[in-house]
$ cat model-v5.txt   # compact mmCIF, C-alpha atoms
# COMPACT_ATOMS: atom_id res chain seq x y z
CA MET R 1 18.26 142.63 -119.71
CA SER R 2 21.49 143.73 -118.11
CA ASN R 3 22.40 146.51 -115.69
CA SER R 4 23.10 148.91 -118.54
CA HIS R 5 19.47 148.56 -119.56
CA LEU R 6 17.93 149.26 -116.15
CA PHE R 7 16.69 152.69 -117.17
CA LEU R 8 15.69 151.62 -120.68
CA GLN R 9 12.05 152.41 -121.33
CA SER R 10 9.82 149.49 -122.21
CA GLY R 11 6.85 149.60 -124.51
CA PHE R 12 5.03 148.20 -127.47
CA ILE R 13 5.99 148.43 -131.10
CA ARG R 14 4.25 151.33 -132.89
CA THR R 15 4.55 153.63 -135.83
CA PRO R 16 3.55 157.33 -136.06
CA LEU R 17 0.18 157.70 -137.85
CA GLN R 18 0.56 154.43 -139.80
CA ASN R 19 3.48 155.95 -141.65
CA GLY R 20 4.31 154.05 -144.84
CA LEU R 21 0.94 152.33 -145.21
CA GLY R 22 -0.05 154.92 -147.83
CA ARG R 23 2.71 157.38 -148.46
CA TYR R 24 5.89 157.64 -146.45
CA ILE R 25 6.75 160.82 -144.60
CA PRO R 26 10.38 161.09 -143.49
CA GLN R 27 10.28 161.73 -139.77
CA LEU R 28 13.66 163.46 -139.50
CA GLN R 29 12.91 167.20 -139.42
CA ARG R 30 16.35 168.70 -139.11
CA ILE R 31 19.87 167.52 -138.39
CA THR R 32 22.72 169.58 -137.02
CA LEU R 33 26.34 168.56 -137.54
CA LYS R 34 28.68 170.28 -135.12
CA PHE R 35 32.41 170.00 -135.74
CA CYS R 36 35.78 171.74 -135.39
CA LYS R 37 37.76 172.92 -138.41
CA ASN R 38 41.16 172.20 -136.89
CA GLN R 39 41.11 169.20 -134.57
CA GLY R 40 41.68 165.62 -135.64
CA GLY R 41 38.59 164.28 -133.86
CA SER R 42 36.40 166.03 -136.44
CA ARG R 43 38.35 164.72 -139.41
CA GLY R 44 35.74 162.19 -140.53
CA VAL R 45 32.92 164.71 -140.22
CA ARG R 46 34.90 167.21 -142.29
CA ASP R 47 35.58 164.57 -144.94
CA PHE R 48 31.92 163.68 -145.00
CA ILE R 49 30.88 167.31 -145.41
CA GLU R 50 33.39 167.79 -148.21
CA SER R 51 32.41 164.77 -150.30
CA ASP R 52 28.96 163.33 -149.30
CA LEU R 53 26.89 166.04 -147.66
CA MET R 54 25.55 167.64 -150.85
CA ASP R 55 24.32 164.27 -152.11
CA PHE R 56 22.67 163.59 -148.75
CA ALA R 57 20.87 166.96 -148.77
CA LYS R 58 19.68 166.45 -152.33
CA ASN R 59 18.37 162.94 -151.62
CA ASN R 60 16.50 164.12 -148.50
CA PRO R 61 14.64 167.28 -149.42
CA GLY R 62 12.37 166.91 -146.37
CA THR R 63 15.31 167.28 -143.97
CA VAL R 64 17.01 170.54 -143.06
CA VAL R 65 20.76 170.15 -142.58
CA TYR R 66 22.62 172.61 -140.39
CA LEU R 67 26.39 172.80 -140.17
CA LYS R 68 27.83 174.41 -137.08
CA PRO R 69 31.59 174.86 -136.92
CA ARG R 70 32.84 175.53 -133.41
CA ARG R 71 36.38 175.93 -132.32
CA HIS R 72 38.21 173.16 -130.41
CA ARG R 73 35.13 171.17 -129.49
CA SER R 74 34.33 167.53 -130.11
CA PRO R 75 32.04 166.83 -133.09
CA CYS R 76 28.47 165.61 -132.69
CA MET R 77 25.20 165.34 -134.55
CA VAL R 78 21.76 166.31 -133.23
CA ALA R 79 18.69 164.95 -134.96
CA GLU R 80 15.25 166.46 -134.37
CA TYR R 81 12.10 164.58 -135.32
CA LEU R 82 8.54 165.47 -136.21
CA ASN R 83 7.23 164.11 -132.92
CA GLY R 84 9.45 166.56 -131.01
CA GLU R 85 12.08 164.04 -129.95
CA ARG R 86 15.73 165.04 -130.07
CA GLU R 87 18.58 162.58 -130.47
CA TYR R 88 22.21 163.44 -129.69
CA LEU R 89 25.18 161.43 -130.94
CA SER R 90 28.86 162.14 -130.37
CA CYS R 91 30.90 161.74 -133.58
CA HIS R 92 34.32 161.96 -131.99
CA GLU R 93 36.96 160.29 -134.20
CA PHE R 94 34.35 158.87 -136.53
CA SER R 95 35.52 157.95 -140.00
CA ARG R 96 33.73 159.30 -143.05
CA ASP R 97 31.86 156.03 -143.55
CA GLU R 98 30.79 155.90 -139.91
CA VAL R 99 29.35 159.40 -140.11
CA HIS R 100 27.47 158.35 -143.24
CA LYS R 101 26.17 155.25 -141.53
CA TRP R 102 24.92 157.05 -138.43
CA LEU R 103 23.40 159.81 -140.48
CA SER R 104 21.36 157.37 -142.52
CA TYR R 105 20.38 155.63 -139.26
CA MET R 106 19.08 158.92 -137.87
CA CYS R 107 17.36 159.61 -141.17
CA THR R 108 15.44 156.34 -141.28
CA ARG R 109 14.33 156.32 -137.64
CA SER R 110 10.80 157.27 -136.64
CA GLY R 111 11.91 159.40 -133.71
CA ILE R 112 10.26 157.15 -131.16
CA PRO R 113 12.84 156.61 -128.39
CA VAL R 114 14.77 153.34 -128.37
CA MET R 115 12.98 151.00 -125.99
CA ARG R 116 12.82 147.43 -124.88
CA PHE R 117 9.92 145.80 -126.66
CA ARG R 118 7.45 143.95 -124.49
CA LYS R 119 6.24 142.15 -127.61
CA TYR R 120 7.86 141.91 -131.01
CA GLN R 121 4.59 142.08 -132.95
CA HIS R 122 1.46 144.19 -132.92
CA THR R 123 -1.94 143.92 -134.51
CA ASP R 124 -5.02 146.13 -134.49
CA TYR R 125 -7.18 143.00 -134.89
CA PRO R 126 -6.18 140.56 -132.11
CA SER R 127 -8.70 137.94 -133.18
CA ILE R 128 -10.73 137.50 -136.36
CA GLN R 129 -12.91 134.69 -135.02
CA GLY R 130 -13.62 136.44 -131.72
CA VAL R 131 -11.85 136.32 -128.40
CA TRP R 132 -12.06 133.03 -126.51
CA ASN R 133 -14.26 132.76 -123.45
CA PRO R 134 -15.16 129.75 -121.32
CA PHE R 135 -18.32 129.10 -123.35
CA THR R 136 -16.62 129.09 -126.77
CA HIS R 137 -17.18 125.81 -128.67
CA GLN R 138 -19.40 124.45 -125.92
CA ALA R 139 -22.51 122.49 -126.77
CA PRO R 140 -25.63 124.67 -126.38
CA GLU R 141 -27.22 122.05 -124.11
CA ILE R 142 -25.11 123.24 -121.16
CA ASN R 143 -27.23 126.41 -121.03
CA LEU R 144 -30.08 124.37 -119.60
CA ALA R 145 -28.06 121.60 -117.96
CA GLN R 146 -28.69 120.72 -114.34
CA TYR R 147 -25.70 119.73 -112.24
CA PRO R 148 -24.76 117.02 -111.44
CA ASN R 149 -25.41 116.02 -115.03
CA ASP R 150 -25.94 112.39 -116.08
CA ILE R 151 -24.01 112.62 -119.36
CA LEU R 152 -21.10 114.49 -117.81
CA SER R 153 -20.90 112.01 -114.94
CA LYS R 154 -19.30 109.42 -117.22
CA PRO R 155 -15.75 109.47 -118.56
CA ALA R 156 -15.42 110.63 -122.17
CA ASN R 157 -14.70 108.22 -125.03
CA GLN R 158 -15.62 105.09 -123.14
CA GLY R 159 -16.51 102.08 -125.30
CA PRO R 160 -19.09 99.48 -124.30
CA THR R 161 -18.19 97.48 -121.21
CA ALA R 162 -17.47 93.73 -121.34
CA THR R 163 -20.92 93.06 -119.88
CA GLU R 164 -22.62 95.12 -122.56
CA GLN R 165 -20.60 93.39 -125.29
CA LEU R 166 -21.57 89.99 -123.87
CA ILE R 167 -25.26 90.87 -123.93
CA GLU R 168 -24.94 92.05 -127.56
CA ILE R 169 -23.29 88.79 -128.61
CA PHE R 170 -25.97 86.84 -126.77
CA LYS R 171 -28.74 88.74 -128.56
CA LYS R 172 -27.18 88.03 -131.97
CA THR R 173 -27.01 84.28 -131.30
CA GLN R 174 -30.68 84.05 -130.33
CA ILE R 175 -32.65 81.99 -132.86
CA LYS R 176 -36.32 82.66 -133.24
CA ASP R 177 -38.56 79.63 -132.86
CA PRO R 178 -40.58 79.49 -136.14
CA ILE R 179 -43.38 77.38 -134.65
CA LYS R 180 -43.92 79.46 -131.54
CA PRO R 181 -45.64 82.73 -132.49
CA GLU R 182 -44.33 85.88 -130.82
CA HIS R 183 -46.69 86.89 -128.05
CA MET Q 1 -11.95 150.54 -124.67
CA SER Q 2 -15.46 150.32 -126.06
CA ALA Q 3 -18.32 148.81 -124.08
CA THR Q 4 -18.40 145.71 -126.31
CA LYS Q 5 -14.71 145.00 -125.87
CA ARG Q 6 -14.97 145.58 -122.15
CA VAL Q 7 -17.69 142.96 -121.85
CA GLN Q 8 -15.69 140.60 -124.07
CA GLN Q 9 -12.79 140.92 -121.68
CA TRP Q 10 -15.00 140.18 -118.70
CA ALA Q 11 -16.26 137.09 -120.49
CA THR Q 12 -12.74 135.91 -121.34
CA LEU Q 13 -11.43 136.28 -117.79
CA SER Q 14 -14.60 135.16 -116.03
CA ARG Q 15 -14.22 132.39 -113.49
CA MET Q 16 -16.06 129.14 -114.05
CA TRP Q 17 -17.37 126.93 -111.27
CA TYR Q 18 -16.91 123.25 -112.07
CA LEU Q 19 -18.47 120.31 -110.31
CA PHE Q 20 -16.53 117.09 -109.82
CA ASP Q 21 -18.06 113.91 -108.47
CA ALA Q 22 -15.39 111.97 -106.57
CA GLN Q 23 -17.56 108.87 -106.22
CA TRP Q 24 -15.19 105.84 -106.42
CA GLN Q 25 -12.47 107.89 -108.08
CA ASP Q 26 -8.75 107.60 -107.54
CA PRO Q 27 -7.90 110.89 -105.74
CA PHE Q 28 -4.38 110.98 -107.15
CA ARG Q 29 -5.44 110.51 -110.75
CA SER Q 30 -8.32 112.98 -110.33
CA ALA Q 31 -5.93 115.49 -108.76
CA GLN Q 32 -3.92 115.64 -111.99
CA THR Q 33 -7.05 116.79 -113.83
CA LEU Q 34 -8.40 119.08 -111.13
CA ALA Q 35 -5.05 120.86 -110.72
CA LEU Q 36 -5.25 121.92 -114.38
CA TYR Q 37 -8.64 123.53 -113.79
CA LEU Q 38 -7.60 125.21 -110.52
CA THR Q 39 -4.53 126.79 -112.10
CA GLY Q 40 -6.31 127.65 -115.34
CA GLN Q 41 -4.01 125.53 -117.48
CA ASN Q 42 -7.00 124.13 -119.38
CA LYS Q 43 -7.55 127.54 -120.99
CA PRO Q 44 -5.97 128.87 -124.18
CA ILE Q 45 -5.39 132.22 -122.45
CA TYR Q 46 -3.20 130.62 -119.76
CA HIS Q 47 -0.06 132.47 -118.75
CA PRO Q 48 1.88 132.03 -115.49
CA LEU Q 49 1.23 135.69 -114.58
CA ASN Q 50 -2.41 135.48 -115.62
CA ASP Q 51 -4.77 134.85 -112.71
CA CYS Q 52 -7.27 132.65 -114.55
CA GLY Q 53 -7.84 129.65 -112.25
CA ASP Q 54 -11.35 128.28 -111.92
CA HIS Q 55 -13.36 127.16 -108.90
CA VAL Q 56 -13.80 123.42 -108.48
CA VAL Q 57 -16.50 121.94 -106.26
CA VAL Q 58 -15.74 118.34 -105.32
CA ILE Q 59 -18.62 116.26 -103.94
CA ASN Q 60 -18.66 112.77 -102.44
CA SER Q 61 -15.06 113.03 -101.28
CA LYS Q 62 -15.99 110.46 -98.60
CA GLU Q 63 -16.31 107.85 -101.36
CA VAL Q 64 -12.84 108.19 -102.91
CA ALA Q 65 -11.19 104.88 -103.78
CA LEU Q 66 -7.53 104.26 -103.11
CA ARG Q 67 -5.75 101.52 -105.03
CA GLY Q 68 -4.87 98.15 -103.50
CA ASP Q 69 -4.11 98.32 -99.80
CA GLU Q 70 -3.21 102.00 -99.86
CA TRP Q 71 -5.68 102.82 -97.10
CA LYS Q 72 -3.49 100.74 -94.81
CA LYS Q 73 -0.08 101.55 -96.31
CA ARG Q 74 -0.22 105.26 -97.25
CA VAL Q 75 1.14 107.47 -94.45
CA TYR Q 76 0.66 111.20 -93.99
CA PHE Q 77 3.46 112.92 -92.11
CA HIS Q 78 3.06 115.97 -89.93
CA HIS Q 79 5.51 117.76 -87.67
CA THR Q 80 4.41 120.33 -85.11
CA GLY Q 81 7.81 121.99 -85.10
CA TYR Q 82 8.53 121.10 -81.50
CA PRO Q 83 10.87 118.28 -80.46
CA LYS Q 84 9.16 114.89 -80.72
CA GLY Q 85 6.45 116.65 -82.69
CA ALA Q 86 6.49 114.25 -85.60
CA SER Q 87 3.40 112.19 -86.27
CA TRP Q 88 2.50 109.65 -88.90
CA THR Q 89 -1.15 109.09 -89.77
CA LEU Q 90 -2.42 106.26 -91.92
CA ALA Q 91 -4.71 107.17 -94.80
CA TRP Q 92 -7.75 105.43 -93.28
CA GLN Q 93 -7.20 107.23 -89.99
CA LEU Q 94 -6.95 110.60 -91.71
CA HIS Q 95 -10.05 109.78 -93.75
CA GLU Q 96 -11.97 108.98 -90.57
CA LYS Q 97 -10.98 112.29 -89.01
CA ASP Q 98 -11.63 114.46 -92.08
CA PRO Q 99 -13.07 112.86 -95.22
CA THR Q 100 -11.98 115.80 -97.38
CA MET Q 101 -8.30 115.68 -96.40
CA VAL Q 102 -7.08 112.85 -98.67
CA MET Q 103 -8.53 114.62 -101.71
CA ARG Q 104 -7.26 118.03 -100.62
CA LYS Q 105 -3.72 116.82 -100.03
CA ALA Q 106 -3.67 114.94 -103.33
CA ILE Q 107 -4.64 118.09 -105.24
CA PHE Q 108 -2.22 120.25 -103.28
CA LYS Q 109 0.56 117.84 -104.18
CA ALA Q 110 -0.44 117.78 -107.85
CA MET Q 111 -0.05 121.55 -108.18
CA ALA Q 112 3.32 123.13 -108.84
CA SER Q 113 5.03 124.53 -105.77
CA ASN Q 114 4.94 128.28 -106.18
CA LEU Q 115 3.53 131.42 -104.56
CA ILE Q 116 0.05 131.18 -106.10
CA ARG Q 117 -0.42 127.56 -105.06
CA ARG Q 118 -2.33 128.40 -101.87
CA THR Q 119 -4.40 131.07 -103.62
CA ASN Q 120 -5.46 128.48 -106.18
CA MET Q 121 -6.23 126.01 -103.39
CA GLU Q 122 -8.67 128.55 -101.91
CA ARG Q 123 -10.81 128.03 -105.02
CA LEU Q 124 -11.23 124.36 -104.20
CA HIS Q 125 -14.42 123.46 -102.32
CA ILE Q 126 -14.63 119.89 -101.09
CA PHE Q 127 -17.75 118.34 -99.58
CA PRO Q 128 -17.79 114.84 -98.07
CA GLY Q 129 -21.34 114.11 -99.21
CA SER Q 130 -23.42 114.98 -102.21
CA GLU Q 131 -25.05 118.04 -100.61
CA ILE Q 132 -23.80 121.42 -101.79
CA PRO Q 133 -24.75 124.70 -100.08
CA GLU Q 134 -27.23 126.71 -102.15
CA GLU Q 135 -24.94 129.73 -102.64
CA ILE Q 136 -22.28 127.48 -104.18
CA LYS Q 137 -24.72 125.35 -106.15
CA GLY Q 138 -26.07 128.44 -107.88
CA ASN Q 139 -22.62 129.28 -109.23
CA ILE Q 140 -21.89 125.91 -110.83
CA SER Q 141 -21.70 126.27 -114.60
CA GLY Q 142 -19.86 123.15 -115.71
CA GLN Q 143 -18.87 119.65 -114.75
CA ILE Q 144 -15.55 117.85 -114.98
CA ARG Q 145 -15.89 114.30 -116.23
CA PRO Q 146 -14.68 111.55 -113.84
CA VAL Q 147 -11.33 109.95 -114.66
CA MET Q 148 -12.60 106.38 -114.35
CA PRO Q 149 -15.99 104.78 -114.93
CA VAL Q 150 -18.22 104.29 -111.90
CA PRO Q 151 -19.32 100.63 -111.84
CA LYS Q 152 -22.95 99.77 -111.12
CA ARG Q 153 -23.74 97.66 -108.08
CA LEU Q 154 -25.88 94.53 -108.33
CA THR Q 155 -28.50 96.33 -106.25
CA GLY Q 156 -28.65 98.98 -108.95
CA TYR Q 157 -30.11 96.49 -111.46
CA SER Q 158 -33.82 95.72 -111.55
CA LYS Q 159 -35.20 92.19 -111.02
CA GLU Q 160 -36.09 91.98 -114.72
CA GLU Q 161 -32.58 92.86 -115.86
CA ILE Q 162 -31.04 90.25 -113.57
CA ASP Q 163 -33.46 87.53 -114.77
CA ASN Q 164 -32.86 88.30 -118.44
CA PHE Q 165 -29.07 88.25 -118.11
CA PRO Q 166 -27.64 85.41 -120.31
CA LYS Q 167 -26.69 82.38 -118.29
CA VAL Q 168 -24.69 79.33 -119.33
CA PHE Q 169 -26.57 77.06 -116.99
CA ASP Q 170 -29.06 77.16 -114.14
CA TYR Q 171 -28.27 75.96 -110.67
CA PRO Q 172 -30.48 73.07 -109.54
CA ASN Q 173 -33.14 74.09 -107.03
CA ASP Q 174 -31.56 72.06 -104.22
CA TYR Q 175 -28.10 73.54 -104.81
CA ILE Q 176 -26.76 75.19 -101.68
CA LEU Q 177 -24.78 78.38 -102.26
CA ARG Q 178 -22.14 78.94 -99.64
$ encode --input "model-v5.txt" --output "structure tokens"
Amino acid sequence: MSNSHLFLQSGFIRTPLQNGLGRYIPQLQRITLKFCKNQGGSRGVRDFIESDLMDFAKNNPGTVVYLKPRRHRSPCMVAEYLNGEREYLSCHEFSRDEVHKWLSYMCTRSGIPVMRFRKYQHTDYPSIQGVWNPFTHQAPEINLAQYPNDILSKPANQGPTATEQLIEIFKKTQIKDPIKPEH
Amino acid sequence: MSATKRVQQWATLSRMWYLFDAQWQDPFRSAQTLALYLTGQNKPIYHPLNDCGDHVVVINSKEVALRGDEWKKRVYFHHTGYPKGASWTLAWQLHEKDPTMVMRKAIFKAMASNLIRRTNMERLHIFPGSEIPEEIKGNISGQIRPVMPVPKRLTGYSKEEIDNFPKVFDYPNDYILR
């Protein structure tokens, strides 16, 4: 984040009313292209209107396109969205392709203001198996355990000690006396 | 947030109280383990900004075992801030003055140096003996396993066990043990 982003809003990724999960509703309500008929700064906008605007309007029947010629003023486009947001973009000295590019950008946006994402993913179901808590995957015996606990007072994964091994070996080598009865 | 989810969140962020028996344990090796519990780094929900450290109750801190001749060689430094205010205390001297101090300093040193270090240290309760106050004992809900096995003393074995222990030979009756 740099100084130019100090006033950038931050938030979480979202979409209006799960748009696109069933049908897709274009969120751009109306777009206004303001331009001058004489000045060179509006040249690209004028070219765009002359050659591409009709196609754009036909392909986006959900969007109202306004054209607003105004004398000796710099060109701009204003996009208004279904959620009430309004986006302004100066088109000064844009080429025809640039106007087309920015128009399609405005057209495909959801209208939610540009923000810095706190997280790049979102889910409505954070955990399928249940959220962890300190007693997850614990043996049920600890419900009744008294502390200090004998089992927990020894290190985990300890094998038999040398003394215990020695006693085991000794027991294996013991030979029973066949004559002497046991007890 | 629904009532169920609210309770789930309480359960997730609830603080545990762990017991740790320092009987014949190396304080510096134990401190590595205990620091994880005090800072909450043993949990899957750990995050540096997430205040999820647990309480640790250490008992028998009087019985900690230092390696080799460390009781005589380890030195704790303190400076009062005034000129000639420096002092050096040997580990055995410090242990005589306060039997919880060696353990406390070992854990403090094992934790990362940051602003929440002292807050996490507040959740450490050290007792020199095996007695725990009732209000703390009631909270304990888990136990941290010791880092090294506690050997059994000869006095801990019964007469029968000692007699039945396999022997290579018997000493003669008139043999004098020095």
$ interface_residues --input "model-v5.txt" --of "chain Q" --to "chain R" --cutoff "6 Å" --atoms "only C-alpha atoms" --output "PyMOL selection string"
chain Q and resi 11-12+145-147+149
$ write_last_selection --input "model-v5.txt" --atoms "C-alpha atoms" --output "short mmCIF file (atom, residue, chain, number, x, y, z; two decimals), in the frame of the given file"
data_model
loop_
_atom_site.label_atom_id
_atom_site.label_comp_id
_atom_site.auth_asym_id
_atom_site.auth_seq_id
_atom_site.Cartn_x
_atom_site.Cartn_y
_atom_site.Cartn_z
CA ALA Q 11 -16.26 137.09 -120.49
CA THR Q 12 -12.74 135.91 -121.34
CA ARG Q 145 -15.89 114.30 -116.23
CA PRO Q 146 -14.68 111.55 -113.84
CA VAL Q 147 -11.33 109.95 -114.66
CA PRO Q 149 -15.99 104.78 -114.93
#
$ closest_residue --input "model-v5.txt" --among "R:Thr173, R:Glu80, R:Glu164, R:Arg116" --to "Pro26 of chain R" --atoms "only C-alpha atoms"
R:Glu80
$ atom_distance --input "model-v5.txt" --atom1 "atom CA of Leu8 of chain R" --atom2 "atom CA of Ile112 of chain R"
13.0 Å
$ residues_around --input "model-v5.txt" --residues "Asn42 of chain Q" --least-positions-apart "6" --cutoff "10 Å" --atoms "only C-alpha atoms" --output "PyMOL selection string"
chain Q and resi 33-36+52-54
$ atom_distance --input "model-v5.txt" --atom1 "atom CA of Arg123 of chain Q" --atom2 "atom CA of Val56 of chain Q"
6.5 Å
$ residues_near_point --input "model-v5.txt" --point "(17.5, 169.9, -143.4)" --cutoff "12 Å" --atoms "only C-alpha atoms" --output "list in words"
Pro26, Gln27, Leu28, Gln29, Arg30, Ile31, Thr32, Leu33, Leu53, Met54, Phe56, Ala57, Lys58, Asn59, Asn60, Pro61, Gly62, Thr63, Val64, Val65, Tyr66, Leu67, Val78, Ala79, Glu80, Tyr81 and Cys107 of chain R
